[in-house]
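Peer 1: So I've got this file, run.txt, and it contains compact mmCIF, C-alpha atoms:
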```
# COMPACT_ATOMS: atom_id res chain seq x y z
CA MET A 250 0.00 0.00 0.00
CA PRO A 251 1.58 3.32 -1.06
CA ARG A 252 2.65 5.84 1.56
CA ILE A 253 2.30 9.55 0.86
CA PHE A 254 2.05 12.85 2.66
CA ASP A 255 -1.53 14.08 2.51
CA PHE A 256 -2.52 17.70 1.98
CA GLY A 257 -2.52 18.19 5.75
CA GLY A 258 1.16 17.21 5.88
CA ARG A 259 0.55 13.83 7.53
CA GLU A 260 2.40 10.70 6.44
CA VAL A 261 -0.36 8.23 5.55
CA GLU A 262 -1.13 5.01 3.71
CA ARG A 263 -3.64 5.09 0.87
CA SER A 264 -5.31 2.24 -0.97
CA VAL A 265 -4.70 4.16 -4.19
CA THR A 266 -3.24 7.53 -5.21
CA VAL A 267 -3.88 9.91 -8.10
CA ALA A 268 -0.81 8.47 -9.82
CA GLY A 269 -2.09 4.96 -9.18
CA LEU A 270 -5.48 5.80 -10.65
CA ARG A 271 -3.87 7.25 -13.76
CA ALA A 272 -1.83 4.07 -14.13
CA LEU A 273 -5.07 2.10 -14.44
CA LYS A 274 -5.56 3.48 -17.96
CA GLY A 275 -5.20 0.64 -20.44
CA SER A 276 -4.26 -1.87 -17.74
CA GLY A 277 -7.58 -3.72 -17.69
CA ARG A 278 -7.72 -3.29 -13.91
CA ARG A 279 -10.55 -1.48 -12.14
CA VAL A 280 -11.13 -0.22 -8.63
CA ALA A 281 -14.39 0.36 -6.75
CA GLN A 282 -15.92 3.53 -5.32
CA VAL A 283 -18.91 3.92 -2.98
CA THR A 284 -20.48 6.69 -0.94
CA ALA A 285 -19.64 7.20 2.73
CA GLU A 286 -20.79 10.02 4.98
CA THR A 287 -20.02 8.55 8.41
CA ALA A 288 -17.11 6.90 10.17
CA GLU A 289 -19.10 3.66 10.27
CA GLU A 290 -19.68 3.64 6.51
CA ALA A 291 -16.03 4.46 5.81
CA ALA A 292 -14.83 1.70 8.12
CA ALA A 293 -17.13 -0.79 6.40
CA ALA A 294 -15.84 0.26 2.99
CA GLU A 295 -12.22 -0.23 4.07
CA ALA A 296 -12.99 -3.60 5.65
CA ALA A 297 -14.65 -4.70 2.40
CA GLY A 298 -11.58 -3.74 0.35
CA ILE A 299 -13.25 -0.77 -1.37
CA GLU A 300 -10.52 1.55 -2.63
CA MET A 301 -12.41 4.86 -2.95
CA VAL A 302 -15.27 6.71 -1.29
CA VAL A 303 -17.00 10.00 -2.03
CA CYS A 304 -18.60 12.20 0.63
CA ARG A 305 -19.78 15.74 1.19
CA ALA A 306 -16.92 18.11 1.90
CA ALA A 307 -18.14 18.89 5.41
CA ASN A 308 -18.10 15.18 6.31
CA VAL A 309 -14.44 14.50 5.48
CA PRO A 310 -13.33 14.55 9.15
CA ARG A 311 -16.01 12.01 10.10
CA VAL A 312 -15.12 9.76 7.17
CA ARG A 313 -11.45 9.91 8.11
CA GLU A 314 -12.33 8.78 11.62
CA GLY A 315 -13.54 5.55 10.06
CA SER A 316 -10.77 4.97 7.53
CA ARG A 317 -7.26 6.31 7.19
CA ARG A 318 -6.64 4.34 4.00
CA VAL A 319 -9.46 4.75 1.48
CA PHE A 320 -9.09 7.41 -1.21
CA VAL A 321 -11.60 10.13 -0.27
CA THR A 322 -13.15 12.48 -2.80
CA ALA A 323 -14.97 15.45 -1.28
CA ALA A 324 -18.05 16.73 -3.09
CA LEU A 325 -18.29 20.51 -3.31
CA GLY A 326 -22.03 21.20 -3.13
CA PHE A 327 -23.56 23.85 -5.37
CA ALA A 328 -24.96 25.85 -2.46
CA ASP A 329 -22.18 25.10 0.02
CA ALA A 330 -19.61 27.12 -1.89
CA VAL A 331 -20.69 29.64 -4.51
CA THR A 332 -18.06 32.33 -5.02
CA SER A 333 -14.51 31.56 -6.11
CA ASP A 334 -13.20 32.34 -2.64
CA GLU A 335 -15.79 30.06 -1.02
CA ILE A 336 -15.02 27.24 -3.44
CA LEU A 337 -11.28 27.46 -2.78
CA ARG A 338 -11.79 27.73 0.97
CA THR A 339 -14.09 24.70 1.01
CA ALA A 340 -11.75 22.68 -1.20
CA PHE A 341 -8.65 23.50 0.86
CA SER A 342 -10.53 22.76 4.07
CA ALA A 343 -11.58 19.35 2.74
CA ILE A 344 -8.17 18.27 1.51
CA THR A 345 -6.32 19.46 4.61
CA ALA A 346 -8.87 17.50 6.67
CA GLY A 347 -7.89 14.34 4.79
CA ALA A 348 -9.59 14.30 1.39
CA ASP A 349 -7.46 13.19 -1.56
CA ALA A 350 -9.48 14.95 -4.26
CA VAL A 351 -12.58 17.06 -4.79
CA ILE A 352 -15.46 16.64 -7.22
CA THR A 353 -17.50 19.44 -8.71
CA GLY A 354 -20.31 19.64 -11.22
CA ARG A 355 -19.67 23.33 -11.79
CA GLY A 356 -18.23 24.91 -14.92
CA LEU A 357 -14.80 24.68 -16.47
CA ASP A 358 -13.60 27.90 -14.84
CA THR A 359 -14.11 26.31 -11.42
CA VAL A 360 -12.28 23.16 -12.51
CA ARG A 361 -9.44 25.26 -13.90
CA MET A 362 -9.19 27.34 -10.73
CA LEU A 363 -8.92 24.24 -8.54
CA ALA A 364 -6.48 22.52 -10.89
CA ASN A 365 -4.27 25.62 -10.92
CA GLU A 366 -3.86 25.12 -7.17
CA GLN A 367 -2.80 21.49 -7.87
CA ILE A 368 -5.88 20.19 -6.11
CA PRO A 369 -6.87 16.88 -7.73
CA VAL A 370 -10.27 17.69 -9.19
CA MET A 371 -12.89 15.36 -10.63
CA GLY A 372 -15.58 16.64 -12.96
CA HIS A 373 -19.07 15.25 -13.58
CA LEU A 374 -20.41 14.49 -17.08
CA GLY A 375 -23.27 12.56 -18.61
CA PHE A 376 -26.45 12.71 -16.60
CA VAL A 377 -25.90 15.30 -13.87
CA PRO A 378 -29.04 15.15 -11.68
CA ARG A 379 -29.04 18.83 -10.66
CA LYS A 380 -28.74 19.84 -14.31
CA SER A 381 -31.25 17.35 -15.68
CA THR A 382 -33.53 20.11 -16.95
CA TRP A 383 -31.04 20.52 -19.83
CA VAL A 384 -31.60 16.95 -21.02
CA GLY A 385 -35.33 16.97 -20.35
CA GLY A 386 -35.60 14.21 -17.77
CA ILE A 387 -33.94 11.34 -15.98
CA ARG A 388 -32.38 9.44 -18.84
CA ALA A 389 -29.19 8.03 -20.30
CA VAL A 390 -26.93 10.43 -22.19
CA GLY A 391 -25.16 9.70 -25.47
CA LYS A 392 -27.81 7.56 -27.19
CA THR A 393 -27.54 9.47 -30.47
CA SER A 394 -24.39 10.11 -32.47
CA ALA A 395 -24.85 13.87 -32.11
CA GLU A 396 -25.23 13.70 -28.35
CA ALA A 397 -22.31 11.29 -28.05
CA LEU A 398 -20.08 13.67 -30.06
CA ASP A 399 -21.14 16.59 -27.88
CA LEU A 400 -20.34 14.50 -24.81
CA TRP A 401 -16.90 13.66 -26.21
CA GLU A 402 -16.22 17.37 -26.67
CA ARG A 403 -17.17 17.96 -23.06
CA PHE A 404 -14.67 15.30 -22.00
CA ARG A 405 -11.95 17.03 -24.03
CA ARG A 406 -12.75 20.44 -22.55
CA LEU A 407 -12.75 19.01 -19.02
CA GLU A 408 -9.40 17.39 -19.71
CA ASP A 409 -8.01 20.70 -21.03
CA ALA A 410 -9.28 22.50 -17.90
CA GLY A 411 -7.01 20.34 -15.76
CA ALA A 412 -9.29 17.72 -14.24
CA PHE A 413 -7.63 14.40 -13.48
CA ALA A 414 -10.86 12.37 -13.38
CA VAL A 415 -14.55 12.49 -14.25
CA GLU A 416 -17.66 10.88 -12.85
CA CYS A 417 -19.52 9.46 -15.83
CA GLU A 418 -23.18 9.07 -14.93
CA ILE A 419 -25.66 7.06 -17.02
CA ILE A 420 -23.80 7.29 -20.32
CA ALA A 421 -24.60 4.68 -22.98
CA ALA A 422 -22.17 1.85 -22.25
CA GLU A 423 -20.78 1.56 -25.80
CA VAL A 424 -20.17 5.32 -25.94
CA MET A 425 -18.47 5.17 -22.55
CA ALA A 426 -16.19 2.43 -23.82
CA GLU A 427 -15.16 4.46 -26.88
CA ILE A 428 -14.53 7.59 -24.82
CA ASN A 429 -12.61 5.69 -22.15
CA ARG A 430 -10.16 4.42 -24.77
CA ARG A 431 -9.50 7.96 -25.97
CA THR A 432 -9.42 10.15 -22.85
CA SER A 433 -6.57 10.55 -20.40
CA LEU A 434 -9.11 11.32 -17.66
CA VAL A 435 -9.62 8.67 -15.00
CA THR A 436 -13.19 7.56 -15.69
CA VAL A 437 -15.57 6.76 -12.85
CA SER A 438 -18.62 4.87 -14.11
CA LEU A 439 -21.93 5.35 -12.34
CA GLY A 440 -24.40 3.46 -14.48
CA SER A 441 -22.19 3.79 -17.58
CA GLY A 442 -20.99 0.22 -17.94
CA ALA A 443 -17.86 -1.66 -17.00
CA GLU A 444 -15.47 -0.02 -19.47
CA ALA A 445 -14.10 2.55 -17.04
CA ASP A 446 -11.22 2.83 -14.61
CA VAL A 447 -13.43 3.02 -11.52
CA VAL A 448 -16.88 1.51 -11.00
CA PHE A 449 -19.11 3.48 -8.62
CA LEU A 450 -22.36 2.72 -6.80
CA PHE A 451 -24.14 4.33 -3.87
CA THR A 452 -23.76 2.44 -0.60
CA SER A 453 -27.51 2.77 0.02
CA ASP A 454 -28.21 0.91 -3.24
CA ILE A 455 -25.57 -1.76 -2.62
CA CYS A 456 -26.86 -2.45 0.88
CA GLY A 457 -30.54 -2.48 -0.04
CA GLU A 458 -31.48 0.74 1.76
CA SER A 459 -32.99 2.62 -1.18
CA ALA A 460 -36.74 2.94 -1.57
CA ARG A 461 -36.34 2.51 -5.34
CA LEU A 462 -33.33 0.83 -6.91
CA PRO A 463 -32.09 2.62 -10.06
CA ARG A 464 -31.83 0.51 -13.19
CA HIS A 465 -28.04 0.66 -13.17
CA ALA A 466 -27.73 -0.47 -9.54
CA ARG A 467 -27.78 -3.84 -7.83
CA ALA A 468 -28.36 -4.71 -4.17
CA TRP A 469 -26.11 -7.21 -2.41
CA GLY A 470 -27.86 -6.79 0.94
CA ASP A 471 -31.21 -5.95 2.51
CA LEU A 472 -30.53 -3.51 5.31
CA THR A 473 -34.09 -2.18 5.05
CA VAL A 474 -35.37 -5.36 6.72
CA LEU A 475 -32.71 -5.18 9.41
CA GLN A 476 -33.32 -1.47 10.00
CA LYS A 477 -37.06 -2.10 10.38
CA ALA A 478 -36.30 -4.86 12.88
CA VAL A 479 -34.07 -2.43 14.81
CA ARG A 480 -36.78 0.27 14.78
CA ASP A 481 -39.41 -2.21 15.94
CA ALA A 482 -37.13 -3.54 18.70
CA ARG A 483 -36.40 0.05 19.83
CA VAL A 484 -40.11 0.88 20.05
CA GLU A 485 -40.80 -2.38 21.91
CA ALA A 486 -38.03 -1.66 24.43
CA LEU A 487 -39.13 1.94 24.99
CA SER A 488 -42.73 0.83 25.39
CA GLY A 489 -41.68 -1.71 28.00
CA PHE A 490 -39.82 0.98 29.93
CA ARG A 491 -42.74 3.40 29.81
CA ASN A 492 -45.26 0.76 30.88
CA GLU A 493 -43.21 -0.36 33.88
CA VAL A 494 -42.64 3.25 34.97
CA ALA A 495 -46.40 3.83 34.81
CA GLY A 496 -47.10 0.57 36.64
CA GLY A 497 -44.54 1.18 39.37
CA SER A 498 -42.43 -1.90 38.70
CA TYR A 499 -39.41 0.12 37.55
CA PRO A 500 -37.11 0.88 39.22
CA GLY A 501 -37.02 -2.21 41.42
CA ASN A 502 -34.90 -3.03 44.46
CA ALA A 503 -32.10 -4.44 42.30
CA GLU A 504 -31.82 -1.16 40.38
CA VAL A 505 -31.45 1.30 43.25
CA ALA A 506 -28.81 2.00 45.90
CA GLY A 507 -29.63 1.21 49.51
CA ILE A 508 -28.62 2.50 52.95
CA ALA A 509 -28.10 0.59 56.18
CA GLN A 510 -31.10 0.79 58.50
CA ALA A 511 -29.10 2.35 61.34
CA GLU A 512 -27.84 5.07 59.01
CA LEU A 513 -31.33 5.72 57.72
CA ASP A 514 -32.69 5.94 61.26
CA GLY A 515 -29.94 8.43 62.13
CA PHE A 516 -30.77 10.51 59.08
CA ARG A 517 -34.44 10.57 59.97
CA GLU A 518 -33.67 11.58 63.55
CA ARG A 519 -31.58 14.51 62.31
CA LEU A 520 -34.41 15.61 60.04
CA GLU A 521 -36.88 15.46 62.91
CA SER A 522 -34.58 17.44 65.21
CA GLU A 523 -34.09 20.16 62.59
CA ARG A 524 -37.87 20.47 62.15
CA ASP A 525 -38.35 20.88 65.90
```
Translate this structure into structure tokens?

Peer 2:
Amino acid sequence: MPRIFDFGGREVERSVTVAGLRALKGSGRRVAQVTAETAEEAAAAEAAGIEMVVCRAANVPRVREGSRRVFVTAALGFADAVTSDEILRTAFSAITAGADAVITGRGLDTVRMLANEQIPVMGHLGFVPRKSTWVGGIRAVGKTSAEALDLWERFRRLEDAGAFAVECEIIAAEVMAEINRRTSLVTVSLGSGAEADVVFLFTSDICGESARLPRHARAWGDLTVLQKAVRDARVEALSGFRNEVAGGSYPGNAEVAGIAQAELDGFRERLESERD
């Protein structure tokens, strides 16, 4: 496992580095990325051998509590950082807290600004949910030759702006394969097929926590059932507590501290004497 100094100046181990991700190009090897917003989710990802996680920028410290080794990409939210100064401040805060890269769906000027500071920046192309009004709905991108060519141009412009990687969301798989062979960007496929350098799914989908599973996702677990069992058990336990409080059976003798009778009698005598 490679050792590096992170952006906070700490000597750390990482499952993969920017250089390692770039070396995946043409190798036939792929790594996995999932979402993680808590220490628990990050720890589970590391234990499972997942190489990369993505989280909101503000949650980087919590994610790093759970894993010192996974490659963390911090998402710069549209509303969290708006002006250039805010974007830079948020990005620097995230990477000094332990993130290895940032991801933004903003324009090329933002990508260029971050890249000029040598911050590893990932773009977002294909279906970008917050920009879906431009494509008219929730749908795959690149299903016509004209749209695929326009997408390819966007990849080239993102590459020229200095991004090192790009999240590729719901792009027609054959188009993704052609683009992947031609771009130097590290490609992260979310619903865009297997011909990418990194394959990405949401942890909630993988673990069976989503109310509706997207077409591109697959569940390997069913945490919804377990979470319902936990909720039901919590309500049952709380109800038991409340009922015994109301009925007078809690607390019982075994759950309270006692006092020797002689000491209690002495206490009572003192109380009586003070009242007199």

Peer 1: Would you compute, for all listed atoms of region 497-507 of chain A, the axis-aligned bounding box grown by 6 Å on each side, and then report its centre and edge lengths in Å rounded to one decimal, as lines of an AutoDock Vina configuration file?

Peer 2:
```
center_x = -36.7
center_y = -1.2
center_z = 43.5
size_x = 27.7
size_y = 18.4
size_z = 24.0
```

Peer 1: I'd like the contact shell of Glu295 (chain A) - 9 Å cut-off, all atoms listed in the file, skipping same-chain residues fewer than 3 positions apart - returned as an NGL selection string.

Peer 2: :A and (264 or 290-292 or 298-301 or 315-319)

Peer 1: Could you work out how far CA of Arg491 (chain A) lies from CA of Val479 (chain A), giving the answer in Å with one decimal?

Peer 2: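 Taking CA of Val479 (chain A) and CA of Arg491 (chain A), their separation equals 18.3 Å.
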
Peer 1: What does the structure give for the distance between CA of Val312 (chain A) and CA of Phe376 (chain A), in Å to one decimal?

Peer 2: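 These two atoms are separated by 26.5 Å.
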
Peer 1: For Thr322 (chain A), which of A:Glu416, A:Glu260, A:Glu408, A:Glu396 is the closest residue, counting only C-alpha atoms?

Peer 2: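 Ranked by minimum distance to Thr322 (chain A), first place goes to A:Glu416.
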
Peer 1: Env of region 274-278 of chain A: 8 Å cut, atoms = all atoms listed in the file, seq-sep filter 4 positions within chain, self excluded. Answer as a ChimeraX atom specification.

Peer 2: /A:270,430,433,435,446

Peer 1: Write out as a PDB file with C-alpha atoms, in the frame of the given file the residues lying within 12 Å of Val415 (chain A), counting all atoms listed in the file and excluding same-chain residues fewer than 4 positions away.

Peer 2:
```
ATOM      1  CA  LEU A 270      -5.480   5.800 -10.650  1.00  0.00           C
ATOM      2  CA  ARG A 271      -3.870   7.250 -13.760  1.00  0.00           C
ATOM      3  CA  THR A 322     -13.150  12.480  -2.800  1.00  0.00           C
ATOM      4  CA  ALA A 350      -9.480  14.950  -4.260  1.00  0.00           C
ATOM      5  CA  VAL A 351     -12.580  17.060  -4.790  1.00  0.00           C
ATOM      6  CA  ILE A 352     -15.460  16.640  -7.220  1.00  0.00           C
ATOM      7  CA  THR A 353     -17.500  19.440  -8.710  1.00  0.00           C
ATOM      8  CA  GLY A 354     -20.310  19.640 -11.220  1.00  0.00           C
ATOM      9  CA  VAL A 360     -12.280  23.160 -12.510  1.00  0.00           C
ATOM     10  CA  PRO A 369      -6.870  16.880  -7.730  1.00  0.00           C
ATOM     11  CA  VAL A 370     -10.270  17.690  -9.190  1.00  0.00           C
ATOM     12  CA  MET A 371     -12.890  15.360 -10.630  1.00  0.00           C
ATOM     13  CA  GLY A 372     -15.580  16.640 -12.960  1.00  0.00           C
ATOM     14  CA  HIS A 373     -19.070  15.250 -13.580  1.00  0.00           C
ATOM     15  CA  LEU A 374     -20.410  14.490 -17.080  1.00  0.00           C
ATOM     16  CA  GLY A 375     -23.270  12.560 -18.610  1.00  0.00           C
ATOM     17  CA  VAL A 377     -25.900  15.300 -13.870  1.00  0.00           C
ATOM     18  CA  ARG A 403     -17.170  17.960 -23.060  1.00  0.00           C
ATOM     19  CA  PHE A 404     -14.670  15.300 -22.000  1.00  0.00           C
ATOM     20  CA  ARG A 405     -11.950  17.030 -24.030  1.00  0.00           C
ATOM     21  CA  ARG A 406     -12.750  20.440 -22.550  1.00  0.00           C
ATOM     22  CA  LEU A 407     -12.750  19.010 -19.020  1.00  0.00           C
ATOM     23  CA  GLU A 408      -9.400  17.390 -19.710  1.00  0.00           C
ATOM     24  CA  ALA A 410      -9.280  22.500 -17.900  1.00  0.00           C
ATOM     25  CA  GLY A 411      -7.010  20.340 -15.760  1.00  0.00           C
ATOM     26  CA  MET A 425     -18.470   5.170 -22.550  1.00  0.00           C
ATOM     27  CA  ILE A 428     -14.530   7.590 -24.820  1.00  0.00           C
ATOM     28  CA  ASN A 429     -12.610   5.690 -22.150  1.00  0.00           C
ATOM     29  CA  THR A 432      -9.420  10.150 -22.850  1.00  0.00           C
ATOM     30  CA  SER A 433      -6.570  10.550 -20.400  1.00  0.00           C
ATOM     31  CA  LEU A 434      -9.110  11.320 -17.660  1.00  0.00           C
ATOM     32  CA  VAL A 435      -9.620   8.670 -15.000  1.00  0.00           C
ATOM     33  CA  THR A 436     -13.190   7.560 -15.690  1.00  0.00           C
ATOM     34  CA  VAL A 437     -15.570   6.760 -12.850  1.00  0.00           C
ATOM     35  CA  SER A 438     -18.620   4.870 -14.110  1.00  0.00           C
ATOM     36  CA  LEU A 439     -21.930   5.350 -12.340  1.00  0.00           C
ATOM     37  CA  ALA A 445     -14.100   2.550 -17.040  1.00  0.00           C
ATOM     38  CA  ASP A 446     -11.220   2.830 -14.610  1.00  0.00           C
ATOM     39  CA  VAL A 447     -13.430   3.020 -11.520  1.00  0.00           C
ATOM     40  CA  VAL A 448     -16.880   1.510 -11.000  1.00  0.00           C
ATOM     41  CA  PHE A 449     -19.110   3.480  -8.620  1.00  0.00           C
TER      42      PHE A 449
END
```

Peer 1: Contacts of Val321 (chain A) at 8 Å or less, counting only C-alpha atoms, minus same-chain residues fewer than 2 places along, as a ChimeraX atom specification?

Peer 2: /A:301-304,309,319,323,347-350

Peer 1: Just write the chosen residues, C-alpha atoms, as a PDB file, in the coordinates of the input.

Peer 2:
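Final output, part_8.pdb:
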```
ATOM      1  CA  MET A 301     -12.410   4.860  -2.950  1.00  0.00           C
ATOM      2  CA  VAL A 302     -15.270   6.710  -1.290  1.00  0.00           C
ATOM      3  CA  VAL A 303     -17.000  10.000  -2.030  1.00  0.00           C
ATOM      4  CA  CYS A 304     -18.600  12.200   0.630  1.00  0.00           C
ATOM      5  CA  VAL A 309     -14.440  14.500   5.480  1.00  0.00           C
ATOM      6  CA  VAL A 319      -9.460   4.750   1.480  1.00  0.00           C
ATOM      7  CA  ALA A 323     -14.970  15.450  -1.280  1.00  0.00           C
ATOM      8  CA  GLY A 347      -7.890  14.340   4.790  1.00  0.00           C
ATOM      9  CA  ALA A 348      -9.590  14.300   1.390  1.00  0.00           C
ATOM     10  CA  ASP A 349      -7.460  13.190  -1.560  1.00  0.00           C
ATOM     11  CA  ALA A 350      -9.480  14.950  -4.260  1.00  0.00           C
TER      12      ALA A 350
END
```

Peer 1: Suppose you want the space between CA of Ala426 (chain A) and CA of Leu450 (chain A); what is it in Å?

Peer 2: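 Atom-to-atom, CA of Ala426 (chain A) and CA of Leu450 (chain A) are spaced 18.1 Å apart.
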
Peer 1: Need to verify the contact set: Gln367 (chain A), 10 Å, all atoms listed in the file, exclusion of same-chain residues closer than 5 positions in sequence. Can you return it as a list in words?

Peer 2: Arg361, Met362, Gly411 and Ala412 of chain A

Peer 1: Could you check the closest approach to Ile419 (chain A) for each of A:Thr284, A:Thr332, A:Ser381, A:Ser459 and tell me which residue wins, using all atoms listed in the file?

Peer 2: A:Ser381

Peer 1: Find, counting all atoms listed in the file, the residue in A:Phe413, A:Phe254, A:Trp401, A:Phe341 that gets nearest to Val267 (chain A).

Peer 2: A:Phe413

Peer 1: With all atoms listed in the file as the basis for distance, which of A:Thr345, A:Asn502, A:Cys417, A:Leu357 is at the shortest distance from Gly258 (chain A)?

Peer 2: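 With all atoms listed in the file as the atom set, the closest residue is A:Thr345.
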
Peer 1: Counting all atoms listed in the file, figure out which residue out of A:Glu521, A:Glu444, A:Asp329, A:Glu427 gets nearest to Val280 (chain A).

Peer 2: A:Glu444

Peer 1: Please determine, counting all atoms listed in the file, which residue among A:Gly507, A:Arg259, A:Leu337, A:Ile387 has the shortest atom-to-atom distance to Asn365 (chain A).

Peer 2: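 The answer is A:Leu337, which sits nearest to Asn365 (chain A).
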
Peer 1: Would you fill the gaps in region 335-353 of chain A so it has N, CA and C atoms, then print it as a PDB file, in the coordinates of the input?

Peer 2:
```pdb
ATOM      1  N   GLU A 335     -15.134  31.110  -1.801  1.00  0.00           N
ATOM      2  CA  GLU A 335     -15.790  30.060  -1.020  1.00  0.00           C
ATOM      3  C   GLU A 335     -15.426  28.675  -1.531  1.00  0.00           C
ATOM      4  N   ILE A 336     -15.372  28.533  -2.842  1.00  0.00           N
ATOM      5  CA  ILE A 336     -15.020  27.240  -3.440  1.00  0.00           C
ATOM      6  C   ILE A 336     -13.610  26.835  -3.039  1.00  0.00           C
ATOM      7  N   LEU A 337     -12.667  27.763  -3.161  1.00  0.00           N
ATOM      8  CA  LEU A 337     -11.280  27.460  -2.780  1.00  0.00           C
ATOM      9  C   LEU A 337     -11.180  27.154  -1.298  1.00  0.00           C
ATOM     10  N   ARG A 338     -11.854  27.950  -0.481  1.00  0.00           N
ATOM     11  CA  ARG A 338     -11.790  27.730   0.970  1.00  0.00           C
ATOM     12  C   ARG A 338     -12.354  26.362   1.332  1.00  0.00           C
ATOM     13  N   THR A 339     -13.482  26.003   0.729  1.00  0.00           N
ATOM     14  CA  THR A 339     -14.090  24.700   1.010  1.00  0.00           C
ATOM     15  C   THR A 339     -13.202  23.561   0.526  1.00  0.00           C
ATOM     16  N   ALA A 340     -12.624  23.726  -0.650  1.00  0.00           N
ATOM     17  CA  ALA A 340     -11.750  22.680  -1.200  1.00  0.00           C
ATOM     18  C   ALA A 340     -10.505  22.498  -0.344  1.00  0.00           C
ATOM     19  N   PHE A 341      -9.856  23.598   0.034  1.00  0.00           N
ATOM     20  CA  PHE A 341      -8.650  23.500   0.860  1.00  0.00           C
ATOM     21  C   PHE A 341      -8.972  22.928   2.231  1.00  0.00           C
ATOM     22  N   SER A 342     -10.122  23.301   2.780  1.00  0.00           N
ATOM     23  CA  SER A 342     -10.530  22.760   4.070  1.00  0.00           C
ATOM     24  C   SER A 342     -10.721  21.249   3.987  1.00  0.00           C
ATOM     25  N   ALA A 343     -11.332  20.788   2.903  1.00  0.00           N
ATOM     26  CA  ALA A 343     -11.580  19.350   2.740  1.00  0.00           C
ATOM     27  C   ALA A 343     -10.293  18.565   2.578  1.00  0.00           C
ATOM     28  N   ILE A 344      -9.387  19.057   1.749  1.00  0.00           N
ATOM     29  CA  ILE A 344      -8.170  18.270   1.510  1.00  0.00           C
ATOM     30  C   ILE A 344      -7.216  18.319   2.703  1.00  0.00           C
ATOM     31  N   THR A 345      -7.174  19.431   3.419  1.00  0.00           N
ATOM     32  CA  THR A 345      -6.320  19.460   4.610  1.00  0.00           C
ATOM     33  C   THR A 345      -6.911  18.619   5.735  1.00  0.00           C
ATOM     34  N   ALA A 346      -8.228  18.374   5.687  1.00  0.00           N
ATOM     35  CA  ALA A 346      -8.870  17.500   6.670  1.00  0.00           C
ATOM     36  C   ALA A 346      -8.687  16.022   6.336  1.00  0.00           C
ATOM     37  N   GLY A 347      -8.161  15.729   5.128  1.00  0.00           N
ATOM     38  CA  GLY A 347      -7.890  14.340   4.790  1.00  0.00           C
ATOM     39  C   GLY A 347      -8.417  13.854   3.468  1.00  0.00           C
ATOM     40  N   ALA A 348      -9.122  14.707   2.723  1.00  0.00           N
ATOM     41  CA  ALA A 348      -9.590  14.300   1.390  1.00  0.00           C
ATOM     42  C   ALA A 348      -8.402  14.224   0.432  1.00  0.00           C
ATOM     43  N   ASP A 349      -8.508  13.357  -0.557  1.00  0.00           N
ATOM     44  CA  ASP A 349      -7.460  13.190  -1.560  1.00  0.00           C
ATOM     45  C   ASP A 349      -7.776  13.914  -2.856  1.00  0.00           C
ATOM     46  N   ALA A 350      -9.044  14.282  -3.033  1.00  0.00           N
ATOM     47  CA  ALA A 350      -9.480  14.950  -4.260  1.00  0.00           C
ATOM     48  C   ALA A 350     -10.811  15.628  -3.960  1.00  0.00           C
ATOM     49  N   VAL A 351     -11.248  16.460  -4.890  1.00  0.00           N
ATOM     50  CA  VAL A 351     -12.580  17.060  -4.790  1.00  0.00           C
ATOM     51  C   VAL A 351     -13.320  16.784  -6.097  1.00  0.00           C
ATOM     52  N   ILE A 352     -14.647  16.794  -6.014  1.00  0.00           N
ATOM     53  CA  ILE A 352     -15.460  16.640  -7.220  1.00  0.00           C
ATOM     54  C   ILE A 352     -16.422  17.812  -7.295  1.00  0.00           C
ATOM     55  N   THR A 353     -16.587  18.341  -8.496  1.00  0.00           N
ATOM     56  CA  THR A 353     -17.500  19.440  -8.710  1.00  0.00           C
ATOM     57  C   THR A 353     -18.248  19.253 -10.023  1.00  0.00           C
TER      58      THR A 353
END
```
